[in-house]
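*Asks:* Sharing target.pdb here; it has PDB, C-alpha atoms and all ligand atoms.
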```pdb
ATOM      1  CA  MET A   1      12.136 -77.575 161.330  1.00  0.00           C
ATOM      2  CA  SER A   2      15.757 -76.621 161.235  1.00  0.00           C
ATOM      3  CA  ALA A   3      18.534 -79.088 161.831  1.00  0.00           C
ATOM      4  CA  GLU A   4      20.272 -78.702 165.168  1.00  0.00           C
ATOM      5  CA  ALA A   5      23.989 -78.170 165.107  1.00  0.00           C
ATOM      6  CA  GLY A   6      26.191 -79.452 167.899  1.00  0.00           C
ATOM      7  CA  PRO A   7      25.190 -81.093 171.153  1.00  0.00           C
ATOM      8  CA  ARG A   8      21.773 -80.424 172.603  1.00  0.00           C
ATOM      9  CA  HIS A   9      21.724 -78.587 175.910  1.00  0.00           C
ATOM     10  CA  GLY A  10      18.973 -77.780 178.349  1.00  0.00           C
ATOM     11  CA  LEU A  11      16.596 -80.653 177.683  1.00  0.00           C
ATOM     12  CA  PHE A  12      14.990 -80.376 181.095  1.00  0.00           C
ATOM     13  CA  ILE A  13      15.738 -76.883 182.306  1.00  0.00           C
ATOM     14  CA  ASP A  14      16.162 -73.539 180.675  1.00  0.00           C
ATOM     15  CA  VAL A  15      17.364 -70.424 182.444  1.00  0.00           C
ATOM     16  CA  GLU A  16      16.701 -66.970 181.092  1.00  0.00           C
ATOM     17  CA  VAL A  17      17.889 -63.559 182.184  1.00  0.00           C
ATOM     18  CA  ALA A  18      15.665 -60.633 181.233  1.00  0.00           C
ATOM     19  CA  PRO A  19      17.417 -58.429 178.635  1.00  0.00           C
ATOM     20  CA  GLU A  20      17.278 -55.346 180.862  1.00  0.00           C
ATOM     21  CA  HIS A  21      19.280 -57.213 183.545  1.00  0.00           C
ATOM     22  CA  ALA A  22      21.592 -59.324 181.384  1.00  0.00           C
ATOM     23  CA  SER A  23      24.224 -56.603 180.999  1.00  0.00           C
ATOM     24  CA  ASP A  24      24.460 -55.816 184.746  1.00  0.00           C
ATOM     25  CA  PRO A  25      27.969 -56.830 185.879  1.00  0.00           C
ATOM     26  CA  GLY A  26      26.997 -56.707 189.570  1.00  0.00           C
ATOM     27  CA  LEU A  27      24.126 -59.115 189.010  1.00  0.00           C
ATOM     28  CA  ALA A  28      26.403 -61.324 186.896  1.00  0.00           C
ATOM     29  CA  ARG A  29      28.854 -61.689 189.786  1.00  0.00           C
ATOM     30  CA  LYS A  30      26.064 -62.410 192.285  1.00  0.00           C
ATOM     31  CA  LEU A  31      24.607 -65.107 190.056  1.00  0.00           C
ATOM     32  CA  GLU A  32      28.008 -66.649 189.418  1.00  0.00           C
ATOM     33  CA  GLU A  33      28.528 -66.909 193.185  1.00  0.00           C
ATOM     34  CA  ALA A  34      24.989 -68.094 193.967  1.00  0.00           C
ATOM     35  CA  CYS A  35      24.570 -71.018 191.585  1.00  0.00           C
ATOM     36  CA  PRO A  36      26.081 -74.238 192.986  1.00  0.00           C
ATOM     37  CA  VAL A  37      26.377 -75.843 189.554  1.00  0.00           C
ATOM     38  CA  ASP A  38      27.926 -72.944 187.609  1.00  0.00           C
ATOM     39  CA  ILE A  39      25.072 -72.133 185.274  1.00  0.00           C
ATOM     40  CA  PHE A  40      25.950 -68.418 185.354  1.00  0.00           C
ATOM     41  CA  ALA A  41      29.239 -66.852 184.328  1.00  0.00           C
ATOM     42  CA  ALA A  42      30.151 -63.210 184.846  1.00  0.00           C
ATOM     43  CA  ALA A  43      31.525 -61.899 181.563  1.00  0.00           C
ATOM     44  CA  ASP A  44      32.613 -58.382 180.629  1.00  0.00           C
ATOM     45  CA  SER A  45      29.310 -58.021 178.824  1.00  0.00           C
ATOM     46  CA  GLY A  46      27.266 -59.167 181.846  1.00  0.00           C
ATOM     47  CA  VAL A  47      25.519 -62.444 182.615  1.00  0.00           C
ATOM     48  CA  GLU A  48      26.317 -65.459 180.470  1.00  0.00           C
ATOM     49  CA  ILE A  49      24.395 -68.698 180.696  1.00  0.00           C
ATOM     50  CA  VAL A  50      26.640 -71.773 180.644  1.00  0.00           C
ATOM     51  CA  ARG A  51      24.334 -73.878 178.524  1.00  0.00           C
ATOM     52  CA  GLU A  52      26.199 -77.160 178.955  1.00  0.00           C
ATOM     53  CA  ASN A  53      25.467 -76.981 182.696  1.00  0.00           C
ATOM     54  CA  LEU A  54      21.737 -76.243 182.394  1.00  0.00           C
ATOM     55  CA  ASP A  55      20.585 -79.762 183.114  1.00  0.00           C
ATOM     56  CA  GLU A  56      22.666 -79.793 186.313  1.00  0.00           C
ATOM     57  CA  CYS A  57      20.218 -77.305 187.829  1.00  0.00           C
ATOM     58  CA  VAL A  58      19.034 -78.537 191.226  1.00  0.00           C
ATOM     59  CA  LEU A  59      16.114 -76.067 191.422  1.00  0.00           C
ATOM     60  CA  CYS A  60      17.559 -74.549 194.585  1.00  0.00           C
ATOM     61  CA  GLY A  61      16.206 -71.085 193.772  1.00  0.00           C
ATOM     62  CA  LEU A  62      19.392 -69.334 194.919  1.00  0.00           C
ATOM     63  CA  CYS A  63      19.624 -67.470 191.603  1.00  0.00           C
ATOM     64  CA  LEU A  64      16.091 -66.154 192.087  1.00  0.00           C
ATOM     65  CA  ALA A  65      16.864 -65.083 195.643  1.00  0.00           C
ATOM     66  CA  ALA A  66      20.027 -63.279 194.450  1.00  0.00           C
ATOM     67  CA  SER A  67      18.318 -61.270 191.714  1.00  0.00           C
ATOM     68  CA  PRO A  68      15.566 -58.677 191.462  1.00  0.00           C
ATOM     69  CA  PRO A  69      12.039 -60.010 190.864  1.00  0.00           C
ATOM     70  CA  GLY A  70      11.587 -61.029 187.242  1.00  0.00           C
ATOM     71  CA  ALA A  71      15.279 -60.791 186.323  1.00  0.00           C
ATOM     72  CA  VAL A  72      15.905 -64.546 186.191  1.00  0.00           C
ATOM     73  CA  SER A  73      13.516 -67.284 185.118  1.00  0.00           C
ATOM     74  CA  VAL A  74      14.154 -70.972 185.686  1.00  0.00           C
ATOM     75  CA  VAL A  75      11.927 -72.860 183.264  1.00  0.00           C
ATOM     76  CA  LYS A  76      11.033 -76.503 183.860  1.00  0.00           C
ATOM     77  CA  LEU A  77      10.829 -77.725 180.274  1.00  0.00           C
ATOM     78  CA  TYR A  78       9.832 -81.215 181.454  1.00  0.00           C
ATOM     79  CA  ASP A  79       6.863 -79.707 183.275  1.00  0.00           C
ATOM     80  CA  GLY A  80       5.214 -77.852 180.429  1.00  0.00           C
ATOM     81  CA  GLY A  81       7.441 -74.816 180.904  1.00  0.00           C
ATOM     82  CA  ALA A  82       6.436 -74.171 184.527  1.00  0.00           C
ATOM     83  CA  LEU A  83       8.546 -71.545 186.263  1.00  0.00           C
ATOM     84  CA  LEU A  84      10.456 -72.231 189.456  1.00  0.00           C
ATOM     85  CA  GLU A  85       8.978 -70.019 192.178  1.00  0.00           C
ATOM     86  CA  ARG A  86      11.138 -67.602 194.120  1.00  0.00           C
ATOM     87  CA  PRO A  87      11.989 -68.982 197.574  1.00  0.00           C
ATOM     88  CA  ALA A  88       9.814 -67.502 200.347  1.00  0.00           C
TER      89      ALA A  88
HETATM   90  S1  LIG B 101      17.916 -72.853 190.667  1.00  0.00           S
HETATM   91 FE1  LIG B 101      19.909 -73.176 191.712  1.00  0.00          FE
HETATM   92  S2  LIG B 101      20.996 -74.646 190.406  1.00  0.00           S
HETATM   93 FE2  LIG B 101      19.309 -73.839 189.190  1.00  0.00          FE
HETATM   94  S3  LIG B 101      20.187 -72.117 188.028  1.00  0.00           S
HETATM   95 FE3  LIG B 101      19.317 -71.266 189.931  1.00  0.00          FE
HETATM   96  S4  LIG B 101      21.014 -71.251 191.396  1.00  0.00           S
HETATM   97 FE4  LIG B 101      21.614 -72.615 189.710  1.00  0.00          FE
END
```
Could you show the structure in this file as structure tokens?

*Replies:*
Amino acid sequence: MSAEAGPRHGLFIDVEVAPEHASDPGLARKLEEACPVDIFAAADSGVEIVRENLDECVLCGLCLAASPPGAVSVVKLYDGGALLERPA
């Protein structure tokens, strides 16, 4: 067990972007616009996850709707790591 440095983020929710999509600037901008609680930031290098906002996630699924299948995963850590489903 390693000691954790700094504040702990994402106790309830984790958001992951698949490596093959993380450097796509177009996707980064779409995600930045889609998320109502600013979990995504469009950086020069592509998609950045704003970790201090992770637990603000409202499970709206807009990030999933704005990205190709499998590009973004919203993980419910409080629910055994269940994934948020893409909106129908
Ligand atoms: S589910 Fe909604 S609030 Fe959560 S990361 Fe995606 S867009 Fe943001």

*Asks:* Enumerate, as a ChimeraX atom specification, the residues matched when the PyMOL selection byres (((not hetatm)) within 7 of (chain B and resi 101)) is run on the file above.

*Replies:* /A:15,34-39,56-64,74

*Asks:* One decimal, in Å: what's the spacing between atom CA of Asp14 of chain A and atom CA of Pro87 of chain A?

*Replies:*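 Computing the Euclidean distance for atom CA of Asp14 of chain A and atom CA of Pro87 of chain A yields 18.0 Å.
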
*Asks:* Given all atoms listed in the file as the basis, pick out the residue of A:Leu83, A:Ser67, A:Arg29, A:Glu16 nearest to Ser45 of chain A.

*Replies:* A:Arg29

*Asks:* Could you list, as an NGL selection string, every residue matched by the PyMOL selection byres (((chain A and resi 49) around 6) and not hetatm) in this structure?

*Replies:* :A and (39-40 or 48 or 50-51)

*Asks:* On this file, the PyMOL selection byres (((chain A and resi 24) around 12) and not hetatm) gives some set of residues; write that set as a list of chain:residue names.

*Replies:*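 Output from the PyMOL selection byres (((chain A and resi 24) around 12) and not hetatm), applied to this file: A:Val17, A:Ala18, A:Pro19, A:Glu20, A:His21, A:Ala22, A:Ser23, A:Pro25, A:Gly26, A:Leu27, A:Ala28, A:Arg29, A:Lys30, A:Leu31, A:Ala42, A:Ala43, A:Asp44, A:Ser45, A:Gly46, A:Val47, A:Glu48, A:Ser67, A:Pro68, A:Ala71.
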
*Asks:* Figure out the distance between atom CA of Ile13 of chain A and atom CA of Leu54 of chain A, please, to one decimal in Å.

*Replies:*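 Taking atom CA of Leu54 of chain A and atom CA of Ile13 of chain A, their separation equals 6.0 Å.
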
*Asks:* Considering all atoms listed in the file, state which residue in the set A:Ala65, A:Ala41, A:Gly70, A:Lys76 is at the smallest distance from Ala88 of chain A.

*Replies:*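 Of A:Ala65, A:Ala41, A:Gly70, A:Lys76, the one nearest Ala88 of chain A is A:Ala65, counting all atoms listed in the file.
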
*Asks:* Which value, in Å to one decimal, gives the distance between atom CA of Gly10 of chain A and atom CA of Glu32 of chain A?

*Replies:*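 Computing the Euclidean distance for atom CA of Gly10 of chain A and atom CA of Glu32 of chain A yields 18.1 Å.
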
*Asks:* When you look at Leu84 of chain A with a cut-off of 7 Å (counting only C-alpha atoms), what residues show up, excluding the ones that are within fewer than 2 positions of it in the same chain? I need them as a PyMOL selection string.

*Replies:* chain A and resi 74-75+82+86

*Asks:* Box along x, y and z, 5 Å on every side, all listed atoms of segment 46-60 of chain A inside: centre and edge lengths in Å to one decimal, as JSON.

*Replies:*
```
{"center_x": 21.7, "center_y": -69.5, "center_z": 186.6, "size_x": 21.2, "size_y": 30.6, "size_z": 26.1}
```

*Asks:* Can you take the partial segment 25-54 of chain A, add N, CA and C atoms, and return it as an mmCIF file, in the coordinates of the input?

*Replies:*
```
data_model
loop_
_atom_site.group_PDB
_atom_site.id
_atom_site.type_symbol
_atom_site.label_atom_id
_atom_site.label_comp_id
_atom_site.auth_asym_id
_atom_site.auth_seq_id
_atom_site.Cartn_x
_atom_site.Cartn_y
_atom_site.Cartn_z
ATOM 1 N N PRO A 25 26.824 -56.055 185.394
ATOM 2 C CA PRO A 25 27.969 -56.830 185.879
ATOM 3 C C PRO A 25 27.850 -57.215 187.350
ATOM 4 N N GLY A 26 27.190 -56.376 188.162
ATOM 5 C CA GLY A 26 26.997 -56.707 189.570
ATOM 6 C C GLY A 26 26.101 -57.924 189.731
ATOM 7 N N LEU A 27 25.025 -57.961 188.970
ATOM 8 C CA LEU A 27 24.126 -59.115 189.010
ATOM 9 C C LEU A 27 24.851 -60.359 188.490
ATOM 10 N N ALA A 28 25.660 -60.188 187.459
ATOM 11 C CA ALA A 28 26.403 -61.324 186.896
ATOM 12 C C ALA A 28 27.286 -61.968 187.956
ATOM 13 N N ARG A 29 27.975 -61.134 188.745
ATOM 14 C CA ARG A 29 28.854 -61.689 189.786
ATOM 15 C C ARG A 29 28.046 -62.394 190.867
ATOM 16 N N LYS A 30 26.910 -61.784 191.254
ATOM 17 C CA LYS A 30 26.064 -62.410 192.285
ATOM 18 C C LYS A 30 25.556 -63.773 191.823
ATOM 19 N N LEU A 31 25.148 -63.843 190.568
ATOM 20 C CA LEU A 31 24.607 -65.107 190.056
ATOM 21 C C LEU A 31 25.703 -66.154 189.943
ATOM 22 N N GLU A 32 26.889 -65.711 189.525
ATOM 23 C CA GLU A 32 28.008 -66.649 189.418
ATOM 24 C C GLU A 32 28.322 -67.254 190.784
ATOM 25 N N GLU A 33 28.258 -66.416 191.825
ATOM 26 C CA GLU A 33 28.528 -66.909 193.185
ATOM 27 C C GLU A 33 27.395 -67.776 193.710
ATOM 28 N N ALA A 34 26.147 -67.432 193.353
ATOM 29 C CA ALA A 34 24.989 -68.094 193.967
ATOM 30 C C ALA A 34 24.768 -69.513 193.452
ATOM 31 N N CYS A 35 24.974 -69.729 192.172
ATOM 32 C CA CYS A 35 24.570 -71.018 191.585
ATOM 33 C C CYS A 35 25.585 -72.101 191.924
ATOM 34 N N PRO A 36 25.142 -73.182 192.581
ATOM 35 C CA PRO A 36 26.081 -74.238 192.986
ATOM 36 C C PRO A 36 26.586 -75.085 191.827
ATOM 37 N N VAL A 37 25.957 -74.988 190.673
ATOM 38 C CA VAL A 37 26.377 -75.843 189.554
ATOM 39 C C VAL A 37 26.852 -75.021 188.344
ATOM 40 N N ASP A 38 27.233 -73.777 188.612
ATOM 41 C CA ASP A 38 27.926 -72.944 187.609
ATOM 42 C C ASP A 38 27.142 -72.731 186.311
ATOM 43 N N ILE A 39 25.869 -72.417 186.470
ATOM 44 C CA ILE A 39 25.072 -72.133 185.274
ATOM 45 C C ILE A 39 25.272 -70.689 184.809
ATOM 46 N N PHE A 40 25.732 -69.818 185.718
ATOM 47 C CA PHE A 40 25.950 -68.418 185.354
ATOM 48 C C PHE A 40 27.444 -68.115 185.351
ATOM 49 N N ALA A 41 27.871 -67.343 184.368
ATOM 50 C CA ALA A 41 29.239 -66.852 184.328
ATOM 51 C C ALA A 41 29.193 -65.339 184.190
ATOM 52 N N ALA A 42 30.056 -64.662 184.946
ATOM 53 C CA ALA A 42 30.151 -63.210 184.846
ATOM 54 C C ALA A 42 31.151 -62.875 183.748
ATOM 55 N N ALA A 43 30.661 -62.305 182.670
ATOM 56 C CA ALA A 43 31.525 -61.899 181.563
ATOM 57 C C ALA A 43 31.602 -60.381 181.537
ATOM 58 N N ASP A 44 32.515 -59.839 180.751
ATOM 59 C CA ASP A 44 32.613 -58.382 180.629
ATOM 60 C C ASP A 44 31.292 -57.776 180.184
ATOM 61 N N SER A 45 30.571 -58.533 179.378
ATOM 62 C CA SER A 45 29.310 -58.021 178.824
ATOM 63 C C SER A 45 28.131 -58.248 179.763
ATOM 64 N N GLY A 46 28.354 -58.925 180.910
ATOM 65 C CA GLY A 46 27.266 -59.167 181.846
ATOM 66 C C GLY A 46 27.072 -60.657 182.096
ATOM 67 N N VAL A 47 25.819 -61.057 182.246
ATOM 68 C CA VAL A 47 25.519 -62.444 182.615
ATOM 69 C C VAL A 47 25.590 -63.343 181.385
ATOM 70 N N GLU A 48 26.351 -64.430 181.510
ATOM 71 C CA GLU A 48 26.317 -65.459 180.470
ATOM 72 C C GLU A 48 25.746 -66.722 181.065
ATOM 73 N N ILE A 49 24.943 -67.410 180.279
ATOM 74 C CA ILE A 49 24.395 -68.698 180.696
ATOM 75 C C ILE A 49 25.313 -69.790 180.153
ATOM 76 N N VAL A 50 25.773 -70.663 181.045
ATOM 77 C CA VAL A 50 26.640 -71.773 180.644
ATOM 78 C C VAL A 50 25.717 -72.928 180.262
ATOM 79 N N ARG A 51 25.421 -72.999 178.969
ATOM 80 C CA ARG A 51 24.334 -73.878 178.524
ATOM 81 C C ARG A 51 24.637 -75.353 178.788
ATOM 82 N N GLU A 52 25.908 -75.738 178.738
ATOM 83 C CA GLU A 52 26.199 -77.160 178.955
ATOM 84 C C GLU A 52 25.944 -77.593 180.391
ATOM 85 N N ASN A 53 25.752 -76.623 181.305
ATOM 86 C CA ASN A 53 25.467 -76.981 182.696
ATOM 87 C C ASN A 53 23.974 -76.911 183.039
ATOM 88 N N LEU A 54 23.149 -76.509 182.069
ATOM 89 C CA LEU A 54 21.737 -76.243 182.394
ATOM 90 C C LEU A 54 21.047 -77.428 183.069
#
```
